[in-house]
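Data block for upload_29.pdb (PDB, C-alpha atoms):
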ATOM      1  CA  HIS A 184      25.914 -68.159  17.002
ATOM      2  CA  PHE A 185      24.665 -65.569  19.501
ATOM      3  CA  THR A 186      22.550 -62.727  18.087
ATOM      4  CA  ASP A 187      20.673 -59.752  19.484
ATOM      5  CA  VAL A 188      17.337 -61.527  18.939
ATOM      6  CA  TRP A 189      16.560 -64.153  21.553
ATOM      7  CA  THR A 190      13.767 -66.671  21.291
ATOM      8  CA  TYR A 191      13.050 -68.791  24.352
ATOM      9  CA  PRO A 192       9.800 -70.352  25.514
ATOM     10  CA  THR A 193       8.307 -68.644  28.539
ATOM     11  CA  VAL A 194       8.380 -70.344  31.933
ATOM     12  CA  PRO A 195       5.037 -72.112  32.423
ATOM     13  CA  ALA A 196       2.739 -70.912  35.184
ATOM     14  CA  ARG A 197       2.922 -72.894  38.420
ATOM     15  CA  LYS A 198       2.280 -72.321  42.085
ATOM     16  CA  GLY A 199       5.145 -70.322  43.599
ATOM     17  CA  LYS A 200       6.551 -69.144  40.234
ATOM     18  CA  HIS A 201       8.360 -65.803  40.356
ATOM     19  CA  PRO A 202       6.385 -63.221  38.341
ATOM     20  CA  CYS A 203       9.461 -62.338  36.217
ATOM     21  CA  GLU A 204      11.163 -65.737  36.066
ATOM     22  CA  LYS A 205      13.415 -66.248  33.056
ATOM     23  CA  PRO A 206      13.865 -69.551  31.189
ATOM     24  CA  ARG A 207      16.691 -71.813  32.371
ATOM     25  CA  ALA A 208      18.134 -72.099  28.841
ATOM     26  CA  MET A 209      18.316 -68.307  28.516
ATOM     27  CA  ALA A 210      20.091 -67.988  31.865
ATOM     28  CA  GLU A 211      22.609 -70.657  30.921
ATOM     29  CA  ASP A 212      23.263 -69.106  27.501
ATOM     30  CA  LEU A 213      23.859 -65.648  29.023
ATOM     31  CA  VAL A 214      26.103 -66.917  31.805
ATOM     32  CA  ARG A 215      28.067 -69.030  29.313
ATOM     33  CA  GLN A 216      28.483 -66.092  26.885
ATOM     34  CA  CYS A 217      29.305 -63.436  29.483
ATOM     35  CA  SER A 218      31.658 -65.238  31.879
ATOM     36  CA  ARG A 219      34.250 -67.971  32.182
ATOM     37  CA  ALA A 220      34.546 -70.884  34.594
ATOM     38  CA  GLY A 221      35.679 -69.561  37.975
ATOM     39  CA  ASP A 222      34.321 -66.034  37.387
ATOM     40  CA  VAL A 223      31.910 -64.411  39.831
ATOM     41  CA  VAL A 224      28.343 -63.941  38.592
ATOM     42  CA  LEU A 225      26.469 -61.335  40.660
ATOM     43  CA  ASP A 226      22.677 -61.142  40.544
ATOM     44  CA  THR A 227      21.367 -58.299  42.697
ATOM     45  CA  PHE A 228      17.757 -59.161  41.827
ATOM     46  CA  ALA A 229      18.030 -62.906  42.384
ATOM     47  CA  GLY A 230      14.312 -63.650  42.266
ATOM     48  CA  SER A 231      13.813 -67.319  41.427
ATOM     49  CA  GLY A 232      17.566 -67.913  41.392
ATOM     50  CA  VAL A 233      17.665 -69.103  37.777
ATOM     51  CA  PHE A 234      20.805 -67.099  36.908
ATOM     52  CA  LEU A 235      22.605 -68.095  40.109
ATOM     53  CA  ALA A 236      21.735 -71.753  39.569
ATOM     54  CA  ALA A 237      22.982 -71.525  35.970
ATOM     55  CA  ALA A 238      26.213 -69.963  37.202
ATOM     56  CA  ALA A 239      26.714 -72.769  39.721
ATOM     57  CA  ARG A 240      26.021 -75.464  37.094
ATOM     58  CA  LEU A 241      28.536 -73.846  34.740
ATOM     59  CA  GLY A 242      31.348 -73.628  37.294
ATOM     60  CA  ARG A 243      31.021 -69.964  38.159
ATOM     61  CA  VAL A 244      30.918 -68.466  41.653
ATOM     62  CA  ALA A 245      27.332 -67.309  42.191
ATOM     63  CA  TRP A 246      26.626 -64.323  44.443
ATOM     64  CA  GLY A 247      23.188 -62.854  44.839
ATOM     65  CA  CYS A 248      20.633 -61.084  46.974
ATOM     66  CA  ASP A 249      17.007 -60.116  46.822
ATOM     67  CA  PHE A 250      14.971 -57.511  48.668
ATOM     68  CA  GLN A 251      12.160 -59.965  49.429
ATOM     69  CA  GLU A 252      13.019 -62.820  51.769
ATOM     70  CA  GLN A 253      10.600 -65.170  49.975
ATOM     71  CA  TRP A 254      12.660 -64.869  46.775
ATOM     72  CA  ALA A 255      16.000 -64.987  48.576
ATOM     73  CA  ASP A 256      14.827 -68.336  49.997
ATOM     74  CA  ALA A 257      13.735 -69.490  46.519
ATOM     75  CA  ALA A 258      17.106 -68.532  45.048
ATOM     76  CA  ARG A 259      18.984 -70.365  47.816
ATOM     77  CA  ALA A 260      16.930 -73.469  47.076
ATOM     78  CA  ALA A 261      17.580 -73.175  43.318
ATOM     79  CA  VAL A 262      21.347 -72.913  43.846
ATOM     80  CA  ALA A 263      21.350 -75.865  46.250
ATOM     81  CA  ALA A 264      19.273 -77.940  43.807
ATOM     82  CA  SER A 265      21.779 -77.176  41.045
ATOM     83  CA  GLY A 266      24.618 -78.564  43.154
ATOM     84  CA  GLY A 267      25.988 -75.144  44.070
ATOM     85  CA  GLU A 268      27.270 -74.239  47.513
ATOM     86  CA  VAL A 269      25.023 -71.981  49.566
ATOM     87  CA  THR A 270      26.719 -69.825  52.168
ATOM     88  CA  GLU A 271      24.611 -67.209  53.856
ATOM     89  CA  ALA A 272      26.003 -63.800  54.686
ATOM     90  CA  ALA A 273      25.088 -62.086  57.914
ATOM     91  CA  PRO A 274      22.207 -59.651  57.415
ATOM     92  CA  ALA A 275      23.231 -56.032  57.103
ATOM     93  CA  LYS A 276      22.601 -53.868  60.137
ATOM     94  CA  PRO A 277      19.581 -51.671  59.512
ATOM     95  CA  GLN A 278      20.573 -48.075  58.852
ATOM     96  CA  PRO A 279      18.326 -45.176  59.845
ATOM     97  CA  SER A 280      16.424 -43.794  56.901
ATOM     98  CA  THR A 281      13.845 -41.104  56.406
ATOM     99  CA  ARG A 282      11.709 -43.687  54.587
ATOM    100  CA  ASP A 283      12.307 -46.904  56.485
ATOM    101  CA  ALA A 284      14.496 -48.023  59.375
ATOM    102  CA  GLY A 285      14.537 -51.697  58.188
ATOM    103  CA  PRO A 286      17.140 -53.510  56.100
ATOM    104  CA  ARG A 287      17.142 -52.655  52.393
ATOM    105  CA  GLN A 288      18.409 -56.056  51.139
ATOM    106  CA  ILE A 289      17.879 -59.625  52.270
ATOM    107  CA  PRO A 290      21.195 -61.539  52.002
ATOM    108  CA  LEU A 291      21.078 -64.583  49.749
ATOM    109  CA  LEU A 292      24.465 -66.212  49.706
TER
END

Written form, structure tokens:
Amino acid sequence: HFTDVWTYPTVPARKGKHPCEKPRAMAEDLVRQCSRAGDVVLDTFAGSGVFLAAAARLGRVAWGCDFQEQWADAARAAVAASGGEVTEAAPAKPQPSTRDAGPRQIPLL
């Protein structure tokens, strides 16, 4: 039974842990409840890759990206470790901006 109150243990501290990493069990429960096998699961803040890895383990198509290359790399590794296929997209061409001329997203898959 899925309720609006979730209780999951936090992810223990370790070297290289994402500061906002979510528990694997929570990611799997959410992916399972919100999608079906074969669906696309999109995570635009991929971070540690826990949701993308859960999607891959559960037979979903995982798509994701992260602004920081360090976390895009971590998410790629998490998907690969879960048995998912990792296909990298070509980086977006930087667009001129009044704030920053660099790319705004780092492609993940």

The PyMOL selection byres ((chain A and resi 265-273) around 10) on the file shown: which residues, as a short mmCIF file (atom, residue, chain, number, x, y, z; two decimals) with C-alpha atoms, keeping the file's coordinate frame?
data_model
loop_
_atom_site.label_atom_id
_atom_site.label_comp_id
_atom_site.auth_asym_id
_atom_site.auth_seq_id
_atom_site.Cartn_x
_atom_site.Cartn_y
_atom_site.Cartn_z
CA VAL A 233 17.66 -69.10 37.78
CA LEU A 235 22.60 -68.10 40.11
CA ALA A 236 21.74 -71.75 39.57
CA ALA A 237 22.98 -71.53 35.97
CA ALA A 238 26.21 -69.96 37.20
CA ALA A 239 26.71 -72.77 39.72
CA ARG A 240 26.02 -75.46 37.09
CA LEU A 241 28.54 -73.85 34.74
CA GLY A 242 31.35 -73.63 37.29
CA ARG A 243 31.02 -69.96 38.16
CA VAL A 244 30.92 -68.47 41.65
CA ALA A 245 27.33 -67.31 42.19
CA TRP A 246 26.63 -64.32 44.44
CA CYS A 248 20.63 -61.08 46.97
CA ALA A 258 17.11 -68.53 45.05
CA ARG A 259 18.98 -70.36 47.82
CA ALA A 260 16.93 -73.47 47.08
CA ALA A 261 17.58 -73.18 43.32
CA VAL A 262 21.35 -72.91 43.85
CA ALA A 263 21.35 -75.86 46.25
CA ALA A 264 19.27 -77.94 43.81
CA PRO A 274 22.21 -59.65 57.42
CA ALA A 275 23.23 -56.03 57.10
CA LYS A 276 22.60 -53.87 60.14
CA ILE A 289 17.88 -59.62 52.27
CA PRO A 290 21.20 -61.54 52.00
CA LEU A 291 21.08 -64.58 49.75
CA LEU A 292 24.46 -66.21 49.71
#

Run the PyMOL selection byres ((chain A and resi 200-217) around 9) on the file and write out the hits as a VMD selection string.
chain A and resid 185 189 to 199 218 to 220 224 230 to 238 240 to 241 243 254 257

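As for CA of Val223 in chain A and CA of Gln253 in chain A, they are spaced 23.6 Å apart.
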
Have a look at A:Asp256, A:Pro279, A:Thr186, A:Asp249 and name the one nearest to Thr227 in chain A; count all atoms listed in the file.
A:Asp249

Where is the centre and how long are the edges: axis-aligned box on range 235-253 of chain A, 5 Å on each side, Å to one decimal, as JSON:
{"center_x": 21.0, "center_y": -66.5, "center_z": 43.3, "size_x": 30.7, "size_y": 28.0, "size_z": 27.0}
